[in-house]
Amino acid sequence: MSKVRNKQPRYRFKPGILVQSWLIQHLQACIFSLGQIIKNPLGSLLTIGVIGVSLSLPAGFYLILGNIDRVTEHWGGGLEISLFLKQDVELSSARKLAADLSGKPGVSSVEFIDREAALQEYRENSGFADALAGLAENPLPHVLLVKPLETLVTTGRGEELLASLQNIPEVDSAQFDRQWALRLFTIIELFRRGAVILAILLAFAVLLIIGNTIRLAIYNRRDEIEINQLFGATDAFIQRPFLYSGLIHGVAGSLMAWSLLAIAALLLQNPVVRLSSLYHSDFRLIQLRPEESLLLIIIGGLLGLAGSWVAVKRNLKDIGLS
Amino acid sequence: MIRFTNVSMRYAGNMYALRRINLFIEQGAMVYVTGRSGAGKSTLLRLVALIERHTEGQLIVNGQNLERVTGRRIPLYRRNIGFTFQDHRLLKERTLFDNVALPLVVAGYRYQEIRKRTQASLDKVGLLNKAKAYPVQLSGGEQQRVGIARAVVHRPALLLADEPTGNLDPALSLEIMRLFEQFNQVGVTVLIASHDLDMIRKMRKQIITLREGKLLTGIGQTLNEHDNEQGTEQTT
Ligand SMILES: Nc1ncnc2c1ncn2[C@@H]1O[C@H](COP(=O)(O)OP(=O)(O)OP(=O)(O)O)[C@@H](O)[C@H]1O
Ligand SMILES: [Mg+2]
């Protein structure tokens with residue numbers, strides 16, 4: 001038997017070159033993932049398309065709400081609640097109530113209208129002075145003009161304030177001067193909340209879509225994963241291309257969403273201009289500002305990363321080596 | 001280099017694939033593992049490569065107790081091992097170059113280094129001219145050689161070859177064995193599982209024989225009494 005004994009091996013156990021440029025490894029993984037997507041464009045395009053539509057809906061609602069806000073911007077400003085106090089409320093307690101209310105949250109200012117002063121004014125301006133002179137008693141109540149904070153109204157909480165004012169014992173009745181505007185704001189607020197819920201649901205959908213795409217990719221490449229592991233790939237090395245793939249799908253999806261919104265805006269621009277000119281307004285559709293576009297892309301990217309991270313954590317354990 | 005002390009291995013729910021193996025393989029040795037189909041040859045190699053874990057006993061490879069090689073240490077441990085598979089396991093959609101470069105890519109080598117070593121390795125097995133080909137374009141023997149190039153490209157200290165001459169004709173088998181011999185001569189410890197007894201005898205190297213998971217004959221003097229008894233029991 002020929003034995004190779006006492007021979008100094010040329011290759012000894014050594015930890016290998018571990019600390020190679022971190023950047024190069026990431027670049028490799030990123031380029032590799034891009035390559036995989038380009039190699040199998042159909043599946044990726046499908047995923048990106050679904051993500052694009054899913055992201056364009058909440059982003060579109062965001063834009064619609066932004067446009068509505070611009071239209072209704074000044075509608076909330078002039079609103080006032082008139083509080084008609086009961087006839088038997090004394091001047092002093094009415095003044096006190098006015099002072100109390102001006103400190104109430106959501107109230108911007110309170111103007112007190114003394115019933116005597118009001119009568120006086122009425123006499124002078126109405127031309128019914130003689131008729132009024134005959135009255136034994138002043139028929140007018142004290143009135144408080146409560147001006148709510150504009151933000152309170154535009155976020156749809158004006159009606160709440162109205163209801164709470166109505167419940168004050170001294171108050172006979174409370175009225176908004178423009179009830180319809182209040183209703184509108186309440187409806188807009190409802191719409192806003194609906195949009196938030198929809199956005200959350202669609203974000204979940206994006207997570208699931210990306211998770212599923214990455215899961216399929218992992219299963220399609222399990223041979224490769226196993227071989228990589230067998231030749232000493234770290235978990236990080238194996239996960240990296242999948243995470244990049246998720247990121248790329250997410251970013252591409254948000255670019256798609258951005259394009260869909262741009263196309264929609266283009267299609268709507270002319271009708272909107274025509275409509276607003278009917279109302280003698282120079283209203284133009286607002287579109288995503290650069291920083292909002294960036295945010296959309298970041299959100300898409302983060303969703304992609306999160307979805308692929310979950311898929312990687314859940315599926316890599318099942319395959320590969322022990 | 002490799003020391004098995006009462007090592008047993010049982011696949012989940014199955015019978016023992018290896019039973020109370022005692023074995024010492026020196027650094028720089030070239031050893032054949034033989035035995036019938038199902039004797040546990042692949043399992044033995046898989047234990048050393050940490051593809052499977054032994055269930056009993058102690059297994060020490062290059063001073064490392066494999067029970068303590070866990071988590072993040074596993075990849076580092078494996079980077080010092082080259083493995084060739086019974087079924088090649090080349091990646092079909094990658095060129096030969098990419099297949100062979102894999103262990104270097106995994107370890108994070110620079111591209112220049114990867115290219116240099118991969119070409120050298122392909123050259124060694126005589127396939128440099130097919131670097132851009134895909135595995136399906138190769139014959140079985142050529143595929144086997146690509147697997148060998150991949151197993152040595154990162155210059156491992158230990159080379160584990162599972163049936164490297166599986167379906168090859170005798171001439172080609174011998175050629176591949178000579179290749180392993182060359183690696184062994186530069187200091188790589190080589191462990192080859194094979195049932196091709198004719199060829200093994202020609203190579204005149206140390207031989208381990210397994211039968212139904214037990215060590216029938218160990219390496220010369222290193223075979224211990226206990227195993228010998230068990231081995232003889234089995235044969236009678
Ligand atoms: N993954 C597995 N799960 C369960 N049992 C297994 C597994 N792999 C192998 N075995 C069993 O372990 C025993 C040894 O198998 P092993 O693959 O080591 O044999 P072998 O000597 O390499 O055979 P061959 O020459 O056919 O490759 C066999 O009885 C086999 O059925
Ligand atoms: Mg086998």
# chains A, B, ... in the order shown; residues from 1 in each chain; ligands from 1

$ interface_residues --of "chain B" --to "chain A" --cutoff "7 Å" --atoms "only C-alpha atoms" --output "PyMOL selection string"
chain B and resi 28-29+51-52+75-76+78-80+91+103+106-109+155-157+186-188+204-206

$ write_last_selection --atoms "C-alpha atoms" --output "short mmCIF file (atom, residue, chain, number, x, y, z; two decimals), in the first residue's frame"
data_model
loop_
_atom_site.label_atom_id
_atom_site.label_comp_id
_atom_site.auth_asym_id
_atom_site.auth_seq_id
_atom_site.Cartn_x
_atom_site.Cartn_y
_atom_site.Cartn_z
CA GLY B 28 -2.76 13.35 3.30
CA ALA B 29 -4.12 9.84 2.91
CA ILE B 51 -24.78 16.94 5.03
CA GLU B 52 -26.12 14.56 7.65
CA PRO B 75 -20.41 27.11 6.02
CA LEU B 76 -16.88 27.88 7.12
CA ARG B 78 -17.60 23.18 4.46
CA ARG B 79 -15.35 25.58 2.58
CA ASN B 80 -12.47 23.28 3.36
CA LEU B 91 -26.62 23.19 -12.34
CA PRO B 103 -17.39 27.34 -4.45
CA VAL B 106 -19.79 31.40 -2.41
CA ALA B 107 -16.63 32.21 -0.50
CA GLY B 108 -16.59 35.75 -1.89
CA TYR B 109 -13.44 35.69 -4.01
CA ARG B 155 -8.30 23.94 -2.94
CA PRO B 156 -9.94 22.07 -0.11
CA ALA B 157 -7.88 20.13 2.39
CA VAL B 186 -0.19 17.75 -3.47
CA GLY B 187 -1.46 17.05 0.03
CA VAL B 188 -5.22 16.79 -0.27
CA ARG B 204 -3.21 0.08 -4.57
CA LYS B 205 -4.49 2.43 -1.88
CA GLN B 206 -6.00 1.97 1.54
#

$ closest_atom_pairs --of "chain B" --to "ligand 1" --cutoff "12 Å" --atoms "only C-alpha atoms and all ligand atoms" --output "Markdown table"
| residue | atom | partner | partner_atom_place_in_ligand_line | distance |
| --- | --- | --- | --- | --- |
| B:Ser8 | CA | ligand 1 | 12 (O) | 11.5 |
| B:Met9 | CA | ligand 1 | 12 (O) | 8.7 |
| B:Arg10 | CA | ligand 1 | 12 (O) | 7.6 |
| B:Tyr11 | CA | ligand 1 | 4 (C) | 4.7 |
| B:Ala12 | CA | ligand 1 | 4 (C) | 6.5 |
| B:Gly13 | CA | ligand 1 | 4 (C) | 7.8 |
| B:Asn14 | CA | ligand 1 | 5 (N) | 6.0 |
| B:Met15 | CA | ligand 1 | 29 (O) | 7.3 |
| B:Tyr16 | CA | ligand 1 | 12 (O) | 7.0 |
| B:Ala17 | CA | ligand 1 | 12 (O) | 4.2 |
| B:Leu18 | CA | ligand 1 | 14 (C) | 7.3 |
| B:Arg19 | CA | ligand 1 | 14 (C) | 10.7 |
| B:Val33 | CA | ligand 1 | 21 (O) | 8.9 |
| B:Thr34 | CA | ligand 1 | 21 (O) | 7.7 |
| B:Gly35 | CA | ligand 1 | 21 (O) | 6.2 |
| B:Arg36 | CA | ligand 1 | 25 (O) | 5.8 |
| B:Ser37 | CA | ligand 1 | 25 (O) | 3.5 |
| B:Gly38 | CA | ligand 1 | 19 (O) | 3.4 |
| B:Ala39 | CA | ligand 1 | 21 (O) | 3.9 |
| B:Gly40 | CA | ligand 1 | 18 (O) | 3.1 |
| B:Lys41 | CA | ligand 1 | 21 (O) | 3.7 |
| B:Ser42 | CA | ligand 1 | 22 (O) | 3.6 |
| B:Thr43 | CA | ligand 1 | 18 (O) | 3.7 |
| B:Leu44 | CA | ligand 1 | 18 (O) | 6.5 |
| B:Leu45 | CA | ligand 1 | 18 (O) | 8.2 |
| B:Arg46 | CA | ligand 1 | 18 (O) | 8.1 |
| B:Leu47 | CA | ligand 1 | 18 (O) | 9.8 |
| B:Ile51 | CA | ligand 1 | 1 (N) | 10.2 |
| B:Glu52 | CA | ligand 1 | 1 (N) | 8.8 |
| B:Arg53 | CA | ligand 1 | 1 (N) | 11.5 |
| B:Phe85 | CA | ligand 1 | 27 (O) | 10.0 |
| B:Gln86 | CA | ligand 1 | 27 (O) | 7.2 |
| B:Asp87 | CA | ligand 1 | 27 (O) | 9.8 |
| B:Ala161 | CA | ligand 1 | 22 (O) | 11.1 |
| B:Asp162 | CA | ligand 1 | 22 (O) | 7.7 |
| B:Glu163 | CA | ligand 1 | 27 (O) | 7.4 |
| B:Pro164 | CA | ligand 1 | 27 (O) | 11.0 |
| B:Thr165 | CA | ligand 1 | 25 (O) | 11.8 |
| B:Gly166 | CA | ligand 1 | 25 (O) | 9.3 |
| B:Ile192 | CA | ligand 1 | 22 (O) | 11.0 |
| B:Ala193 | CA | ligand 1 | 22 (O) | 7.5 |
| B:Ser194 | CA | ligand 1 | 25 (O) | 7.2 |
| B:His195 | CA | ligand 1 | 25 (O) | 6.6 |
| B:Asp196 | CA | ligand 1 | 25 (O) | 10.0 |
| B:Ile208 | CA | ligand 1 | 21 (O) | 11.9 |
| B:Thr209 | CA | ligand 1 | 21 (O) | 10.0 |
| B:Leu210 | CA | ligand 1 | 21 (O) | 7.7 |
| B:Arg211 | CA | ligand 1 | 21 (O) | 8.3 |
| B:Glu212 | CA | ligand 1 | 29 (O) | 7.3 |
| B:Gly213 | CA | ligand 1 | 14 (C) | 6.8 |
| B:Lys214 | CA | ligand 1 | 14 (C) | 10.5 |
| B:Leu215 | CA | ligand 1 | 21 (O) | 11.8 |

$ write_last_selection --atoms "C-alpha atoms" --output "CSV table (one decimal), in the first residue's frame"
chain,number,residue,atom,x,y,z
B,8,SER,CA,-23.6,5.5,14.5
B,9,MET,CA,-26.0,7.1,12.1
B,10,ARG,CA,-29.7,6.5,11.8
B,11,TYR,CA,-31.9,8.2,9.3
B,12,ALA,CA,-35.2,9.4,10.8
B,13,GLY,CA,-37.3,6.3,11.6
B,14,ASN,CA,-35.1,3.9,9.7
B,15,MET,CA,-32.6,1.3,10.5
B,16,TYR,CA,-29.0,2.2,11.3
B,17,ALA,CA,-27.2,3.3,8.1
B,18,LEU,CA,-23.9,3.2,10.0
B,19,ARG,CA,-23.3,1.3,13.2
B,33,VAL,CA,-14.7,3.2,0.9
B,34,THR,CA,-16.2,0.1,-0.6
B,35,GLY,CA,-19.2,-2.1,0.0
B,36,ARG,CA,-22.4,-3.2,-1.6
B,37,SER,CA,-25.2,-0.9,-2.5
B,38,GLY,CA,-26.9,0.3,0.7
B,39,ALA,CA,-23.8,-0.5,2.8
B,40,GLY,CA,-23.5,3.1,4.0
B,41,LYS,CA,-20.7,4.5,1.8
B,42,SER,CA,-22.5,7.7,0.9
B,43,THR,CA,-23.7,8.1,4.4
B,44,LEU,CA,-20.2,8.0,5.7
B,45,LEU,CA,-19.1,10.7,3.3
B,46,ARG,CA,-22.2,12.7,4.1
B,47,LEU,CA,-21.4,12.7,7.8
B,51,ILE,CA,-24.8,16.9,5.0
B,52,GLU,CA,-26.1,14.6,7.7
B,53,ARG,CA,-25.4,14.4,11.3
B,85,PHE,CA,-21.8,13.6,-6.0
B,86,GLN,CA,-23.0,10.2,-7.1
B,87,ASP,CA,-25.4,12.0,-9.5
B,161,ALA,CA,-15.9,11.7,-3.9
B,162,ASP,CA,-19.1,9.7,-4.0
B,163,GLU,CA,-19.0,7.1,-6.8
B,164,PRO,CA,-16.9,9.3,-9.1
B,165,THR,CA,-16.7,6.5,-11.7
B,166,GLY,CA,-20.3,5.4,-11.4
B,192,ILE,CA,-13.6,8.0,-2.4
B,193,ALA,CA,-16.7,5.8,-2.1
B,194,SER,CA,-16.8,3.2,-4.9
B,195,HIS,CA,-18.0,-0.3,-5.5
B,196,ASP,CA,-15.7,-0.8,-8.5
B,208,ILE,CA,-12.3,0.5,4.0
B,209,THR,CA,-15.1,-2.0,3.5
B,210,LEU,CA,-18.6,-1.5,4.8
B,211,ARG,CA,-21.4,-4.0,5.1
B,212,GLU,CA,-24.8,-3.1,6.2
B,213,GLY,CA,-23.5,-0.1,8.0
B,214,LYS,CA,-20.7,-1.9,9.8
B,215,LEU,CA,-17.0,-1.7,9.2

$ atom_distance --atom1 "atom CA of A:Pro148" --atom2 "atom CA of A:Val71"
19.8 Å

$ atom_distance --atom1 "atom CA of B:Ala151" --atom2 "atom CA of B:Gly82"
4.2 Å

$ residues_around --residues "A:Gln179" --least-positions-apart "6" --cutoff "12 Å" --atoms "only C-alpha atoms" --output "list in words"
Trp75, Gly76, Leu79, Glu80, Ile81, Ser82, Val153, Gly156, Gly158, Glu159, Leu162, Phe185 and Thr186 of chain A

$ write_last_selection --atoms "all heavy atoms" --output "JSON list (two decimals), in the first residue's frame"
[["chain", "number", "residue", "atom", "x", "y", "z"],
["A", 75, "TRP", "N", -63.44, 76.33, 2.23],
["A", 75, "TRP", "CA", -64.84, 76.16, 2.58],
["A", 75, "TRP", "C", -65.03, 76.00, 4.09],
["A", 75, "TRP", "O", -66.07, 76.30, 4.63],
["A", 75, "TRP", "CB", -65.43, 74.91, 1.89],
["A", 75, "TRP", "CG", -65.50, 75.08, 0.40],
["A", 75, "TRP", "CD1", -65.04, 76.14, -0.32],
["A", 75, "TRP", "CD2", -66.04, 74.16, -0.53],
["A", 75, "TRP", "NE1", -65.25, 75.95, -1.64],
["A", 75, "TRP", "CE2", -65.87, 74.73, -1.82],
["A", 75, "TRP", "CE3", -66.66, 72.92, -0.43],
["A", 75, "TRP", "CZ2", -66.29, 74.09, -2.97],
["A", 75, "TRP", "CZ3", -67.07, 72.29, -1.58],
["A", 75, "TRP", "CH2", -66.89, 72.87, -2.84],
["A", 76, "GLY", "N", -64.01, 75.51, 4.72],
["A", 76, "GLY", "CA", -64.11, 75.28, 6.16],
["A", 76, "GLY", "C", -63.88, 76.54, 6.96],
["A", 76, "GLY", "O", -64.26, 76.63, 8.13],
["A", 79, "LEU", "N", -67.03, 78.99, 8.31],
["A", 79, "LEU", "CA", -68.15, 78.35, 9.00],
["A", 79, "LEU", "C", -68.30, 78.85, 10.44],
["A", 79, "LEU", "O", -67.32, 79.05, 11.14],
["A", 79, "LEU", "CB", -67.97, 76.84, 9.01],
["A", 79, "LEU", "CG", -68.13, 76.16, 7.65],
["A", 79, "LEU", "CD1", -67.82, 74.70, 7.76],
["A", 79, "LEU", "CD2", -69.54, 76.38, 7.12],
["A", 80, "GLU", "N", -69.55, 79.02, 10.84],
["A", 80, "GLU", "CA", -69.82, 79.45, 12.21],
["A", 80, "GLU", "C", -71.03, 78.71, 12.74],
["A", 80, "GLU", "O", -71.95, 78.41, 12.01],
["A", 80, "GLU", "CB", -70.14, 80.95, 12.24],
["A", 80, "GLU", "CG", -68.95, 81.81, 12.52],
["A", 80, "GLU", "CD", -69.32, 83.27, 12.51],
["A", 80, "GLU", "OE1", -70.48, 83.62, 12.19],
["A", 80, "GLU", "OE2", -68.44, 84.08, 12.84],
["A", 81, "ILE", "N", -71.00, 78.43, 14.03],
["A", 81, "ILE", "CA", -72.17, 77.83, 14.67],
["A", 81, "ILE", "C", -72.87, 78.93, 15.46],
["A", 81, "ILE", "O", -72.23, 79.64, 16.23],
["A", 81, "ILE", "CB", -71.76, 76.70, 15.62],
["A", 81, "ILE", "CG1", -71.04, 75.59, 14.83],
["A", 81, "ILE", "CG2", -72.97, 76.13, 16.35],
["A", 81, "ILE", "CD1", -70.44, 74.52, 15.72],
["A", 82, "SER", "N", -74.15, 79.06, 15.22],
["A", 82, "SER", "CA", -74.92, 80.03, 16.01],
["A", 82, "SER", "C", -75.61, 79.30, 17.14],
["A", 82, "SER", "O", -76.37, 78.36, 16.90],
["A", 82, "SER", "CB", -75.98, 80.70, 15.14],
["A", 82, "SER", "OG", -75.38, 81.19, 13.97],
["A", 153, "VAL", "N", -63.23, 71.22, 11.24],
["A", 153, "VAL", "CA", -64.29, 71.10, 10.24],
["A", 153, "VAL", "C", -63.83, 70.25, 9.06],
["A", 153, "VAL", "O", -64.51, 69.33, 8.63],
["A", 153, "VAL", "CB", -64.72, 72.50, 9.74],
["A", 153, "VAL", "CG1", -65.75, 72.37, 8.64],
["A", 153, "VAL", "CG2", -65.23, 73.32, 10.89],
["A", 156, "GLY", "N", -63.93, 66.65, 9.28],
["A", 156, "GLY", "CA", -65.23, 66.02, 9.39],
["A", 156, "GLY", "C", -65.77, 65.91, 10.80],
["A", 156, "GLY", "O", -66.74, 65.21, 11.04],
["A", 158, "GLY", "N", -66.92, 68.50, 12.59],
["A", 158, "GLY", "CA", -67.76, 69.65, 12.90],
["A", 158, "GLY", "C", -69.09, 69.24, 13.53],
["A", 158, "GLY", "O", -69.55, 69.88, 14.47],
["A", 159, "GLU", "N", -69.66, 68.16, 12.99],
["A", 159, "GLU", "CA", -70.97, 67.73, 13.48],
["A", 159, "GLU", "C", -70.91, 67.28, 14.94],
["A", 159, "GLU", "O", -71.85, 67.45, 15.69],
["A", 159, "GLU", "CB", -71.51, 66.59, 12.60],
["A", 159, "GLU", "CG", -71.63, 66.99, 11.15],
["A", 159, "GLU", "CD", -73.02, 66.77, 10.57],
["A", 159, "GLU", "OE1", -74.01, 67.15, 11.24],
["A", 159, "GLU", "OE2", -73.11, 66.22, 9.47],
["A", 162, "LEU", "N", -71.03, 70.34, 16.98],
["A", 162, "LEU", "CA", -72.39, 70.85, 16.95],
["A", 162, "LEU", "C", -73.26, 70.10, 17.95],
["A", 162, "LEU", "O", -73.99, 70.68, 18.76],
["A", 162, "LEU", "CB", -72.96, 70.69, 15.54],
["A", 162, "LEU", "CG", -74.34, 71.29, 15.31],
["A", 162, "LEU", "CD1", -74.28, 72.81, 15.43],
["A", 162, "LEU", "CD2", -74.90, 70.89, 13.96],
["A", 185, "PHE", "N", -67.76, 67.58, 4.38],
["A", 185, "PHE", "CA", -66.50, 67.26, 5.04],
["A", 185, "PHE", "C", -66.57, 65.92, 5.77],
["A", 185, "PHE", "O", -65.61, 65.16, 5.80],
["A", 185, "PHE", "CB", -66.10, 68.37, 6.01],
["A", 185, "PHE", "CG", -65.50, 69.55, 5.31],
["A", 185, "PHE", "CD1", -66.09, 70.81, 5.39],
["A", 185, "PHE", "CD2", -64.34, 69.40, 4.56],
["A", 185, "PHE", "CE1", -65.53, 71.89, 4.74],
["A", 185, "PHE", "CE2", -63.79, 70.48, 3.91],
["A", 185, "PHE", "CZ", -64.38, 71.73, 3.99],
["A", 186, "THR", "N", -67.75, 65.64, 6.35],
["A", 186, "THR", "CA", -67.90, 64.36, 7.04],
["A", 186, "THR", "C", -67.77, 63.20, 6.04],
["A", 186, "THR", "O", -67.11, 62.21, 6.32],
["A", 186, "THR", "CB", -69.27, 64.30, 7.73],
["A", 186, "THR", "OG1", -69.44, 65.48, 8.49],
["A", 186, "THR", "CG2", -69.35, 63.10, 8.66]]

$ closest_residue --among "B:Gln185, B:Asp123, B:Thr84, B:Pro170" --to "ligand 2" --atoms "only C-alpha atoms and all ligand atoms"
B:Thr84

$ select_by_dssp --residues "stretch 148-317 of chain A" --states "strand (DSSP E or B)" --output "NGL selection string"
:A and (148 or 171-176)

$ residues_around --residues "A:Ile200" --least-positions-apart "3" --cutoff "12 Å" --atoms "only C-alpha atoms" --output "MDAnalysis selection string"
chainID A and resid 54:55 57:59 193:197 203:207 299 303

$ select_by_dssp --residues "stretch 5-254 of chain A" --states "helix (DSSP H, G or I)" --output "ChimeraX atom specification"
/A:22-39,41-72,91-102,115-126,129-133,150-154,158-166,179-220,222-230,235-254

$ closest_residue --among "A:Ile38, A:Ala136, A:Leu198, A:Ala264" --to "A:Gln287" --atoms "only C-alpha atoms"
A:Ala264

$ atom_distance --atom1 "atom CA of A:Gly49" --atom2 "atom CA of A:Met256"
7.0 Å

$ closest_residue --among "A:Gly52, A:Gly211, A:Pro241, A:Gly106" --to "A:Thr154" --atoms "only C-alpha atoms"
A:Gly106
